[in-house]
Amino acid sequence: MNLSRIRKPLEIIYVLLIVVMAAATVIENVKGTLFVRQSIYGSWWFMALWALLAVLAIAYILKRHVHRWNILLLHAAMVVMLLGALLTHLTAYQGIVHLRGDQPSNEVEQMTSMTETTRRTLPFYVRLDRFEKLNHAGTDAAADYVTRFVIMDGPRSVHAQVSMNKIYHYRGIRFYQASYDTDNQGSYLSVNSDPWGIPVTYTGYALFFVALLWLLVDPKGTFRSLCRELAASDSFGNALGIILLLSLSLPAKAQTTIPEKTADRFGHLLINYNERICPVQTFALDFTQKLYGRRSYEGRSAEQVLFSWIFYPQEWNNEPFIRVKNKVMRRQFGLPDHASVNAFFRNGSYILGPALVEYGQGNNDTFHKACADIDGKLALVMQLRQGDPLSLFPYTFHDGTTQWFSPFEKYPKRLPRREILFFRNVFPLIYGQLLQGNNGTVDEILMKIGEYQQKEGGKSLPSRLAYRAEIIYNACPLATVLFVVNLTLGILGIILVFWSRFSFLPLKILLGLSFAALTFLLALRWIITGNIPMGNGYETMLSVAWMTQLATLIYIICTRKGSGLMTAFAFLLSGFFLLVSHLSMMDPAMGPLVPVLNSPLLSIHVSFMMMSYALLALTFLCGVMGLLSKRRAGPLQLLSRIFLYPAIVTLGIGIFLGAVWANVSWGNYWSWDPKETWALITFMIYAVALHTQSLPWLKLPHHYHLLMIFAFLSIVMTYFGVNYFLSGMHSYA
């Protein structure tokens, strides 16, 4: 049998698997998770396709007489992983055991279809001791869920405990915290038994990890050969960087304004906002940004805006403060770009009312969504009038728990009368002093509130370092400045890269400064939250921008050649990622991580994934430039392939670490979640580009660059498509 007779069906099955998996993620969004797991991922024909792919791949490698052990190890690892997955499918089981009261149970409930469940009996009984929902100090945000239980195995009793990311093993069975009863009197534990699949799969992961790393360090490998080829080339020119200075003018202040000094003192108090104890300044900035679309209003700081809304609501109802973005909505209601609160109430009626009723009935086109968005903004104003968001007053009870209260809420009976009177009367007192023009007295009252917060805040107070870091973070919209500067310098750099007589040294220096600024920004968020800044879409975009710049700086330092174009690329890509972070679907607000995400494995997994995305984005830009410039297509292909190898390695390791984290946290190392599936699809598409010996057409720069551009669409789908359009555990939009 010749090679082509094996290669052609191998290619067909490879492409078919990618298409099937992509289609399955879309079908899941319509039919549900159980349907695709049973009808597609768990079907005999899907497993047969993977088995046939493995058999043909082995036959092809043997027919080609491949002798390099790292290549053999890499493909062998994949076969071992497939074998482990088959063993898991055939021998493992997973279900839920519900524990409540002091009644022991040995029944595990397994869902077998959309409507049917079966029960499995454990070889021992399990009884609940106690369930606890632990909150972050001073907030209602969950820090962990802990179940203490007893395993009764004949005459033997074993006391056990599980919480998020902390499992318990007994007789080959693993227990995970899954859910709990709303009255906190019962707990649901996930039970998983996979004695054969996990050891085999983890063996495959370990072999895969070693083989991937060897791709980069093998002195006789393709990657090292490409690096030597690049070091010997002199294909890229240099260009001159340009620095742009931006100036802003501030309009005059409006009529009713809290003095800036007093508002600043108010902004430095603490508040329970977004289930996090932070400066009032943070809440003020978010309030102003959400409602007005900017960090300040007609020369007033965000603190002045918030303080003025609290004490002069009637006057501020006439200010054009509510941003109306939707053109259809503006035309429909005769509204300007920025409208006052009063503009939405005409002749005693709420003009958005009928549209909101239609929205509630399922009419969710752009116009009705815009109406709902404005209604949400107006709701924030109404809540502020009632004092609901102003949780400024902490009290630490005798049991050590701290709770933060607003001025006008219903207080618990155990709160001392003295505290209740203080909480209720302090804002009317401030208002009276403002009416009399006694700003100095207001400052003294605010200072007393600050002293009270420090006295009663207990363990809920942020550290001094975290507090100062947040004040510095709030001082300047560094991410906004960087995306404007980076995009501008990137575009200019791309234009000037063809002028070989210019030097790129100034632009390289600016790249270093931009990298330092972005590093500082991420470090501040890390200090403030106590978590690696990769907990949401906004932070991951910042991290990808940072990793893009890091990869480019490492490249510049190591090669010292051809860095002009790469510098422009780094500015352009990092600017693009920072721009994406400013889209309306990205929320920059900081908050505590949900317990399951508070895992070192998850942080490392996300770091590797973001690094791979940054490197693959560079291959995409090389592809675009390669198609635009035939003269540079060859050198750009060389550069792209150099980025491709570490990108594939970091992507593979990232997927591997994600699977390990999922097994520790959820009980499944692979659940065919849409994010997992699209990550696998991305890896498989980019892996094609590594097979230049088997696919000679890839040696042509034009074909290679087209593949890189097409492949990047899978990353767009993996990150944005899954997060914002598909369902699944990773859809954190």
# chains A, B, ... in the order shown; residues from 1 in each chain; ligands from 1
>>> select_by_dssp(residues="stretch 337-570 of chain A", states="strand (DSSP E)", output="VMD selection string")
chain A and resid 338 to 339 345 to 346 349 to 350 393 to 396 402 to 405
>>> write_last_selection(atoms="all heavy atoms", output="short mmCIF file (atom, residue, chain, number, x, y, z; two decimals), in the first residue's frame")
data_model
loop_
_atom_site.label_atom_id
_atom_site.label_comp_id
_atom_site.auth_asym_id
_atom_site.auth_seq_id
_atom_site.Cartn_x
_atom_site.Cartn_y
_atom_site.Cartn_z
N HIS A 338 -26.96 62.22 25.27
CA HIS A 338 -26.99 62.14 26.73
C HIS A 338 -28.26 62.83 27.21
O HIS A 338 -28.46 64.02 26.95
CB HIS A 338 -25.76 62.80 27.35
CG HIS A 338 -24.51 62.01 27.17
ND1 HIS A 338 -23.75 62.08 26.02
CD2 HIS A 338 -23.88 61.10 27.98
CE1 HIS A 338 -22.70 61.27 26.12
NE2 HIS A 338 -22.76 60.67 27.30
N ALA A 339 -29.11 62.07 27.88
CA ALA A 339 -30.40 62.60 28.33
C ALA A 339 -30.45 62.66 29.85
O ALA A 339 -29.71 61.97 30.55
CB ALA A 339 -31.53 61.71 27.80
N PHE A 345 -39.47 60.53 31.71
CA PHE A 345 -40.79 60.60 32.35
C PHE A 345 -41.55 61.79 31.75
O PHE A 345 -41.18 62.95 31.98
CB PHE A 345 -40.64 60.75 33.86
CG PHE A 345 -39.96 59.59 34.51
CD1 PHE A 345 -38.56 59.57 34.63
CD2 PHE A 345 -40.67 58.51 34.99
CE1 PHE A 345 -37.92 58.50 35.22
CE2 PHE A 345 -40.03 57.43 35.59
CZ PHE A 345 -38.65 57.42 35.70
N ARG A 346 -42.59 61.49 30.99
CA ARG A 346 -43.34 62.54 30.31
C ARG A 346 -44.83 62.37 30.61
O ARG A 346 -45.37 61.26 30.49
CB ARG A 346 -43.11 62.50 28.80
CG ARG A 346 -41.66 62.74 28.41
CD ARG A 346 -41.46 62.52 26.92
NE ARG A 346 -40.04 62.60 26.57
CZ ARG A 346 -39.56 62.25 25.37
NH1 ARG A 346 -40.39 61.81 24.43
NH2 ARG A 346 -38.26 62.33 25.13
N SER A 349 -45.88 59.56 32.86
CA SER A 349 -45.68 58.15 32.48
C SER A 349 -44.22 57.90 32.12
O SER A 349 -43.48 58.82 31.74
CB SER A 349 -46.59 57.78 31.31
OG SER A 349 -46.26 58.55 30.16
N TYR A 350 -43.83 56.65 32.23
CA TYR A 350 -42.46 56.21 31.94
C TYR A 350 -42.42 55.81 30.47
O TYR A 350 -43.05 54.83 30.06
CB TYR A 350 -42.11 55.04 32.86
CG TYR A 350 -40.69 54.52 32.76
CD1 TYR A 350 -39.61 55.36 32.53
CD2 TYR A 350 -40.44 53.16 32.94
CE1 TYR A 350 -38.32 54.88 32.48
CE2 TYR A 350 -39.14 52.66 32.90
CZ TYR A 350 -38.09 53.52 32.66
OH TYR A 350 -36.80 53.03 32.60
N PHE A 393 -21.11 51.10 56.47
CA PHE A 393 -20.98 50.99 57.93
C PHE A 393 -20.82 49.54 58.36
O PHE A 393 -21.77 48.75 58.32
CB PHE A 393 -22.21 51.60 58.59
CG PHE A 393 -22.48 53.01 58.15
CD1 PHE A 393 -23.54 53.28 57.29
CD2 PHE A 393 -21.67 54.05 58.57
CE1 PHE A 393 -23.79 54.57 56.87
CE2 PHE A 393 -21.91 55.35 58.15
CZ PHE A 393 -22.95 55.62 57.29
N PRO A 394 -19.60 49.16 58.77
CA PRO A 394 -19.38 47.77 59.21
C PRO A 394 -19.67 47.62 60.71
O PRO A 394 -19.62 48.59 61.47
CB PRO A 394 -17.88 47.58 58.93
CG PRO A 394 -17.29 48.95 59.15
CD PRO A 394 -18.35 49.94 58.72
N TYR A 395 -19.98 46.41 61.08
CA TYR A 395 -20.07 46.09 62.50
C TYR A 395 -19.64 44.65 62.68
O TYR A 395 -20.13 43.76 61.99
CB TYR A 395 -21.48 46.29 63.04
CG TYR A 395 -21.54 46.10 64.55
CD1 TYR A 395 -21.08 47.07 65.42
CD2 TYR A 395 -22.03 44.91 65.09
CE1 TYR A 395 -21.11 46.89 66.79
CE2 TYR A 395 -22.07 44.70 66.46
CZ TYR A 395 -21.61 45.70 67.30
OH TYR A 395 -21.62 45.52 68.66
N THR A 396 -18.72 44.43 63.61
CA THR A 396 -18.22 43.09 63.92
C THR A 396 -18.94 42.57 65.16
O THR A 396 -18.82 43.16 66.24
CB THR A 396 -16.71 43.09 64.14
OG1 THR A 396 -16.06 43.57 62.94
CG2 THR A 396 -16.19 41.70 64.44
N THR A 402 -18.31 39.92 60.41
CA THR A 402 -18.48 41.34 60.12
C THR A 402 -19.51 41.51 59.02
O THR A 402 -19.49 40.79 58.03
CB THR A 402 -17.15 41.97 59.67
OG1 THR A 402 -16.16 41.78 60.69
CG2 THR A 402 -17.31 43.46 59.40
N GLN A 403 -20.40 42.47 59.20
CA GLN A 403 -21.43 42.77 58.21
C GLN A 403 -21.43 44.27 57.93
O GLN A 403 -21.27 45.08 58.84
CB GLN A 403 -22.80 42.31 58.70
CG GLN A 403 -23.89 42.36 57.63
CD GLN A 403 -25.18 41.71 58.10
OE1 GLN A 403 -25.19 41.02 59.14
NE2 GLN A 403 -26.26 41.91 57.38
N TRP A 404 -21.59 44.63 56.64
CA TRP A 404 -21.60 46.04 56.25
C TRP A 404 -23.04 46.46 55.95
O TRP A 404 -23.76 45.76 55.25
CB TRP A 404 -20.72 46.25 55.03
CG TRP A 404 -19.25 46.14 55.34
CD1 TRP A 404 -18.58 45.01 55.70
CD2 TRP A 404 -18.29 47.20 55.35
NE1 TRP A 404 -17.25 45.29 55.93
CE2 TRP A 404 -17.05 46.64 55.71
CE3 TRP A 404 -18.36 48.56 55.06
CZ2 TRP A 404 -15.89 47.40 55.81
CZ3 TRP A 404 -17.20 49.32 55.15
CH2 TRP A 404 -15.98 48.74 55.53
N PHE A 405 -23.43 47.64 56.48
CA PHE A 405 -24.81 48.10 56.38
C PHE A 405 -24.88 49.42 55.63
O PHE A 405 -23.93 50.22 55.64
CB PHE A 405 -25.41 48.28 57.78
CG PHE A 405 -25.46 47.03 58.59
CD1 PHE A 405 -24.46 46.74 59.52
CD2 PHE A 405 -26.49 46.12 58.44
CE1 PHE A 405 -24.49 45.59 60.27
CE2 PHE A 405 -26.54 44.95 59.19
CZ PHE A 405 -25.54 44.68 60.11
#
>>> residues_around(residues="A:Leu550", least_positions_apart="5", cutoff="10 Å", atoms="only C-alpha atoms", output="PyMOL selection string")
chain A and resi 511-512+515-516+519+544-545+555-556+570+611+614
>>> write_last_selection(atoms="C-alpha atoms", output="short mmCIF file (atom, residue, chain, number, x, y, z; two decimals), in the first residue's frame")
data_model
loop_
_atom_site.label_atom_id
_atom_site.label_comp_id
_atom_site.auth_asym_id
_atom_site.auth_seq_id
_atom_site.Cartn_x
_atom_site.Cartn_y
_atom_site.Cartn_z
CA LEU A 511 7.45 48.88 23.47
CA GLY A 512 9.49 48.27 26.61
CA PHE A 515 5.17 46.49 28.54
CA ALA A 516 6.28 47.96 31.87
CA THR A 519 2.89 44.87 33.84
CA VAL A 544 -2.97 38.21 26.22
CA ALA A 545 -1.82 41.75 25.37
CA TYR A 555 12.32 37.60 20.39
CA ILE A 556 14.01 41.02 19.99
CA ALA A 570 3.43 43.70 19.08
CA MET A 611 0.40 32.66 25.94
CA ALA A 614 -0.76 35.56 21.90
#
>>> residues_around(residues="stretch 378-381 of chain A", least_positions_apart="2", cutoff="9 Å", atoms="only C-alpha atoms", output="list in words")
Phe287, Leu291, Trp309, Pro313, Ile322, Val341, Asp373, Ile374, Asp375, Gly376, Gln383, Leu384, Arg385, Gln386 and Pro389 of chain A
>>> residues_around(residues="stretch 171-180 of chain A", least_positions_apart="2", cutoff="10 Å", atoms="only C-alpha atoms", output="PyMOL selection string")
chain A and resi 93-94+96-100+122-124+131-133+144-147+160-169+182-195+596+664-667
>>> atom_distance(atom1="atom CA of A:Leu553", atom2="atom CA of A:Gly652")
23.1 Å
>>> residues_around(residues="stretch 39-48 of chain A", least_positions_apart="4", cutoff="10 Å", atoms="only C-alpha atoms", output="ChimeraX atom specification")
/A:17,20-21,23-24,27-28,34-35,52-54,82,85-86,89,671-672
>>> closest_residue(among="A:Arg119, A:Leu572, A:Phe397, A:Val357", to="A:Lys413", atoms="only C-alpha atoms")
A:Phe397
>>> closest_residue(among="A:Asn2, A:Thr91, A:Gln289, A:Gln361", to="A:Tyr60", atoms="only C-alpha atoms")
A:Asn2
>>> closest_residue(among="A:Leu573, A:Leu207, A:Ala662, A:Ala589", to="A:Phe620", atoms="only C-alpha atoms")
A:Leu573
>>> select_by_dssp(residues="stretch 429-633 of chain A", states="helix (DSSP H, G or I)", output="ChimeraX atom specification")
/A:429-435,439-456,458-460,464-475,478-496,505-529,537-559,563-580,595-597,600-628,630-633
>>> residues_around(residues="stretch 580-582 of chain A", least_positions_apart="3", cutoff="12 Å", atoms="only C-alpha atoms", output="PyMOL selection string")
chain A and resi 289+293+477-484+487+536-545+573-577+585-589+716+719-720
>>> closest_residue(among="A:Val126, A:Met447, A:Ala137, A:Ile554", to="A:Ser157", atoms="only C-alpha atoms")
A:Val126
>>> closest_residue(among="A:Leu356, A:Ala370, A:Leu492, A:Val80", to="A:Met329", atoms="only C-alpha atoms")
A:Ala370
>>> residues_around(residues="A:Gln433", least_positions_apart="2", cutoff="12 Å", atoms="only C-alpha atoms", output="PyMOL selection string")
chain A and resi 258+311+426-431+435-446
>>> atom_distance(atom1="atom CA of A:Met717", atom2="atom CA of A:Ala22")
9.8 Å
>>> atom_distance(atom1="atom CA of A:Ala211", atom2="atom CA of A:Ala689")
17.3 Å
>>> closest_residue(among="A:Arg68, A:Arg127, A:Arg224, A:Arg5", to="A:Ile642", atoms="only C-alpha atoms")
A:Arg224
>>> decode(residues="stretch 58-74 of chain A", atoms="all heavy atoms", output="PDB file, in the first residue's frame")
ATOM      1  N   ILE A  58      -1.046   5.388  12.814  1.00  0.00           N
ATOM      2  CA  ILE A  58       0.025   4.437  13.123  1.00  0.00           C
ATOM      3  C   ILE A  58       0.554   3.800  11.838  1.00  0.00           C
ATOM      4  O   ILE A  58       1.773   3.678  11.638  1.00  0.00           O
ATOM      5  CB  ILE A  58      -0.486   3.363  14.102  1.00  0.00           C
ATOM      6  CG1 ILE A  58      -0.787   3.993  15.475  1.00  0.00           C
ATOM      7  CG2 ILE A  58       0.537   2.238  14.253  1.00  0.00           C
ATOM      8  CD1 ILE A  58      -1.505   3.054  16.425  1.00  0.00           C
ATOM      9  N   ALA A  59      -0.373   3.413  10.976  1.00  0.00           N
ATOM     10  CA  ALA A  59       0.044   2.799   9.705  1.00  0.00           C
ATOM     11  C   ALA A  59       0.859   3.770   8.860  1.00  0.00           C
ATOM     12  O   ALA A  59       1.862   3.383   8.239  1.00  0.00           O
ATOM     13  CB  ALA A  59      -1.198   2.334   8.936  1.00  0.00           C
ATOM     14  N   TYR A  60       0.461   5.019   8.843  1.00  0.00           N
ATOM     15  CA  TYR A  60       1.170   6.022   8.044  1.00  0.00           C
ATOM     16  C   TYR A  60       2.581   6.256   8.585  1.00  0.00           C
ATOM     17  O   TYR A  60       3.551   6.341   7.819  1.00  0.00           O
ATOM     18  CB  TYR A  60       0.377   7.328   8.048  1.00  0.00           C
ATOM     19  CG  TYR A  60       0.948   8.387   7.135  1.00  0.00           C
ATOM     20  CD1 TYR A  60       0.755   8.329   5.758  1.00  0.00           C
ATOM     21  CD2 TYR A  60       1.687   9.449   7.654  1.00  0.00           C
ATOM     22  CE1 TYR A  60       1.287   9.298   4.920  1.00  0.00           C
ATOM     23  CE2 TYR A  60       2.221  10.423   6.837  1.00  0.00           C
ATOM     24  CZ  TYR A  60       2.015  10.339   5.455  1.00  0.00           C
ATOM     25  OH  TYR A  60       2.549  11.300   4.630  1.00  0.00           O
ATOM     26  N   ILE A  61       2.710   6.340   9.915  1.00  0.00           N
ATOM     27  CA  ILE A  61       4.025   6.555  10.524  1.00  0.00           C
ATOM     28  C   ILE A  61       4.949   5.364  10.252  1.00  0.00           C
ATOM     29  O   ILE A  61       6.136   5.530   9.929  1.00  0.00           O
ATOM     30  CB  ILE A  61       3.870   6.796  12.044  1.00  0.00           C
ATOM     31  CG1 ILE A  61       3.218   8.168  12.287  1.00  0.00           C
ATOM     32  CG2 ILE A  61       5.220   6.730  12.748  1.00  0.00           C
ATOM     33  CD1 ILE A  61       2.876   8.434  13.730  1.00  0.00           C
ATOM     34  N   LEU A  62       4.393   4.157  10.377  1.00  0.00           N
ATOM     35  CA  LEU A  62       5.208   2.966  10.113  1.00  0.00           C
ATOM     36  C   LEU A  62       5.613   2.905   8.639  1.00  0.00           C
ATOM     37  O   LEU A  62       6.750   2.524   8.315  1.00  0.00           O
ATOM     38  CB  LEU A  62       4.428   1.705  10.496  1.00  0.00           C
ATOM     39  CG  LEU A  62       4.146   1.524  11.999  1.00  0.00           C
ATOM     40  CD1 LEU A  62       3.270   0.292  12.228  1.00  0.00           C
ATOM     41  CD2 LEU A  62       5.454   1.404  12.776  1.00  0.00           C
ATOM     42  N   LYS A  63       4.701   3.267   7.762  1.00  0.00           N
ATOM     43  CA  LYS A  63       4.991   3.225   6.327  1.00  0.00           C
ATOM     44  C   LYS A  63       6.063   4.239   5.947  1.00  0.00           C
ATOM     45  O   LYS A  63       6.882   3.985   5.047  1.00  0.00           O
ATOM     46  CB  LYS A  63       3.697   3.500   5.553  1.00  0.00           C
ATOM     47  CG  LYS A  63       3.818   3.283   4.043  1.00  0.00           C
ATOM     48  CD  LYS A  63       3.971   1.812   3.702  1.00  0.00           C
ATOM     49  CE  LYS A  63       3.964   1.593   2.196  1.00  0.00           C
ATOM     50  NZ  LYS A  63       4.163   0.165   1.847  1.00  0.00           N
ATOM     51  N   ARG A  64       6.085   5.384   6.647  1.00  0.00           N
ATOM     52  CA  ARG A  64       7.084   6.422   6.355  1.00  0.00           C
ATOM     53  C   ARG A  64       8.425   6.117   7.019  1.00  0.00           C
ATOM     54  O   ARG A  64       9.405   6.830   6.802  1.00  0.00           O
ATOM     55  CB  ARG A  64       6.591   7.787   6.832  1.00  0.00           C
ATOM     56  CG  ARG A  64       5.568   8.438   5.896  1.00  0.00           C
ATOM     57  CD  ARG A  64       5.210   9.835   6.395  1.00  0.00           C
ATOM     58  NE  ARG A  64       6.396  10.691   6.505  1.00  0.00           N
ATOM     59  CZ  ARG A  64       6.876  11.425   5.502  1.00  0.00           C
ATOM     60  NH1 ARG A  64       6.278  11.401   4.319  1.00  0.00           N
ATOM     61  NH2 ARG A  64       7.945  12.175   5.681  1.00  0.00           N
ATOM     62  N   HIS A  65       8.473   5.076   7.859  1.00  0.00           N
ATOM     63  CA  HIS A  65       9.709   4.688   8.558  1.00  0.00           C
ATOM     64  C   HIS A  65      10.263   5.840   9.391  1.00  0.00           C
ATOM     65  O   HIS A  65      11.451   6.175   9.323  1.00  0.00           O
ATOM     66  CB  HIS A  65      10.772   4.202   7.555  1.00  0.00           C
ATOM     67  CG  HIS A  65      10.321   3.066   6.703  1.00  0.00           C
ATOM     68  ND1 HIS A  65      10.086   1.802   7.196  1.00  0.00           N
ATOM     69  CD2 HIS A  65      10.039   3.010   5.362  1.00  0.00           C
ATOM     70  CE1 HIS A  65       9.689   1.004   6.214  1.00  0.00           C
ATOM     71  NE2 HIS A  65       9.648   1.714   5.087  1.00  0.00           N
ATOM     72  N   VAL A  66       9.376   6.440  10.197  1.00  0.00           N
ATOM     73  CA  VAL A  66       9.794   7.527  11.086  1.00  0.00           C
ATOM     74  C   VAL A  66      10.599   6.935  12.229  1.00  0.00           C
ATOM     75  O   VAL A  66      10.138   6.012  12.923  1.00  0.00           O
ATOM     76  CB  VAL A  66       8.568   8.288  11.631  1.00  0.00           C
ATOM     77  CG1 VAL A  66       9.005   9.363  12.619  1.00  0.00           C
ATOM     78  CG2 VAL A  66       7.787   8.919  10.479  1.00  0.00           C
ATOM     79  N   HIS A  67      11.821   7.458  12.437  1.00  0.00           N
ATOM     80  CA  HIS A  67      12.711   6.911  13.470  1.00  0.00           C
ATOM     81  C   HIS A  67      12.987   7.900  14.602  1.00  0.00           C
ATOM     82  O   HIS A  67      13.588   7.506  15.603  1.00  0.00           O
ATOM     83  CB  HIS A  67      14.039   6.484  12.852  1.00  0.00           C
ATOM     84  CG  HIS A  67      13.897   5.397  11.819  1.00  0.00           C
ATOM     85  ND1 HIS A  67      13.405   4.139  12.126  1.00  0.00           N
ATOM     86  CD2 HIS A  67      14.165   5.380  10.483  1.00  0.00           C
ATOM     87  CE1 HIS A  67      13.387   3.383  11.035  1.00  0.00           C
ATOM     88  NE2 HIS A  67      13.834   4.126  10.011  1.00  0.00           N
ATOM     89  N   ARG A  68      12.591   9.156  14.454  1.00  0.00           N
ATOM     90  CA  ARG A  68      12.864  10.137  15.510  1.00  0.00           C
ATOM     91  C   ARG A  68      11.951   9.867  16.697  1.00  0.00           C
ATOM     92  O   ARG A  68      10.724   9.924  16.589  1.00  0.00           O
ATOM     93  CB  ARG A  68      12.664  11.547  14.971  1.00  0.00           C
ATOM     94  CG  ARG A  68      13.709  11.941  13.927  1.00  0.00           C
ATOM     95  CD  ARG A  68      13.447  13.296  13.343  1.00  0.00           C
ATOM     96  NE  ARG A  68      13.367  14.311  14.375  1.00  0.00           N
ATOM     97  CZ  ARG A  68      12.979  15.558  14.148  1.00  0.00           C
ATOM     98  NH1 ARG A  68      12.620  15.913  12.925  1.00  0.00           N
ATOM     99  NH2 ARG A  68      12.931  16.437  15.125  1.00  0.00           N
ATOM    100  N   TRP A  69      12.599   9.595  17.845  1.00  0.00           N
ATOM    101  CA  TRP A  69      11.840   9.103  18.991  1.00  0.00           C
ATOM    102  C   TRP A  69      10.851  10.134  19.531  1.00  0.00           C
ATOM    103  O   TRP A  69       9.783   9.774  20.034  1.00  0.00           O
ATOM    104  CB  TRP A  69      12.798   8.647  20.095  1.00  0.00           C
ATOM    105  CG  TRP A  69      13.502   9.771  20.792  1.00  0.00           C
ATOM    106  CD1 TRP A  69      14.718  10.297  20.501  1.00  0.00           C
ATOM    107  CD2 TRP A  69      13.006  10.508  21.919  1.00  0.00           C
ATOM    108  NE1 TRP A  69      15.020  11.313  21.365  1.00  0.00           N
ATOM    109  CE2 TRP A  69      13.984  11.465  22.252  1.00  0.00           C
ATOM    110  CE3 TRP A  69      11.842  10.462  22.678  1.00  0.00           C
ATOM    111  CZ2 TRP A  69      13.840  12.363  23.300  1.00  0.00           C
ATOM    112  CZ3 TRP A  69      11.692  11.362  23.728  1.00  0.00           C
ATOM    113  CH2 TRP A  69      12.672  12.293  24.032  1.00  0.00           C
ATOM    114  N   ASN A  70      11.175  11.438  19.424  1.00  0.00           N
ATOM    115  CA  ASN A  70      10.247  12.436  19.969  1.00  0.00           C
ATOM    116  C   ASN A  70       8.956  12.511  19.151  1.00  0.00           C
ATOM    117  O   ASN A  70       7.867  12.710  19.701  1.00  0.00           O
ATOM    118  CB  ASN A  70      10.915  13.803  20.042  1.00  0.00           C
ATOM    119  CG  ASN A  70      11.421  14.290  18.703  1.00  0.00           C
ATOM    120  OD1 ASN A  70      11.929  13.513  17.903  1.00  0.00           O
ATOM    121  ND2 ASN A  70      11.282  15.577  18.447  1.00  0.00           N
ATOM    122  N   ILE A  71       9.067  12.335  17.832  1.00  0.00           N
ATOM    123  CA  ILE A  71       7.871  12.324  16.995  1.00  0.00           C
ATOM    124  C   ILE A  71       7.029  11.084  17.298  1.00  0.00           C
ATOM    125  O   ILE A  71       5.794  11.150  17.406  1.00  0.00           O
ATOM    126  CB  ILE A  71       8.247  12.358  15.502  1.00  0.00           C
ATOM    127  CG1 ILE A  71       9.091  13.597  15.193  1.00  0.00           C
ATOM    128  CG2 ILE A  71       7.005  12.323  14.636  1.00  0.00           C
ATOM    129  CD1 ILE A  71       8.380  14.892  15.450  1.00  0.00           C
ATOM    130  N   LEU A  72       7.722   9.951  17.455  1.00  0.00           N
ATOM    131  CA  LEU A  72       7.008   8.724  17.801  1.00  0.00           C
ATOM    132  C   LEU A  72       6.337   8.848  19.170  1.00  0.00           C
ATOM    133  O   LEU A  72       5.194   8.409  19.366  1.00  0.00           O
ATOM    134  CB  LEU A  72       7.979   7.542  17.790  1.00  0.00           C
ATOM    135  CG  LEU A  72       8.583   7.169  16.423  1.00  0.00           C
ATOM    136  CD1 LEU A  72       9.660   6.099  16.599  1.00  0.00           C
ATOM    137  CD2 LEU A  72       7.492   6.671  15.471  1.00  0.00           C
ATOM    138  N   LEU A  73       7.058   9.464  20.118  1.00  0.00           N
ATOM    139  CA  LEU A  73       6.515   9.621  21.470  1.00  0.00           C
ATOM    140  C   LEU A  73       5.286  10.531  21.470  1.00  0.00           C
ATOM    141  O   LEU A  73       4.297  10.254  22.162  1.00  0.00           O
ATOM    142  CB  LEU A  73       7.591  10.194  22.395  1.00  0.00           C
ATOM    143  CG  LEU A  73       7.198  10.381  23.865  1.00  0.00           C
ATOM    144  CD1 LEU A  73       6.896   9.028  24.498  1.00  0.00           C
ATOM    145  CD2 LEU A  73       8.312  11.089  24.629  1.00  0.00           C
ATOM    146  N   LEU A  74       5.346  11.599  20.683  1.00  0.00           N
ATOM    147  CA  LEU A  74       4.231  12.538  20.623  1.00  0.00           C
ATOM    148  C   LEU A  74       2.960  11.849  20.126  1.00  0.00           C
ATOM    149  O   LEU A  74       1.881  11.987  20.717  1.00  0.00           O
ATOM    150  CB  LEU A  74       4.593  13.712  19.713  1.00  0.00           C
ATOM    151  CG  LEU A  74       3.560  14.836  19.590  1.00  0.00           C
ATOM    152  CD1 LEU A  74       3.350  15.523  20.924  1.00  0.00           C
ATOM    153  CD2 LEU A  74       3.995  15.846  18.538  1.00  0.00           C
TER     154      LEU A  74
END
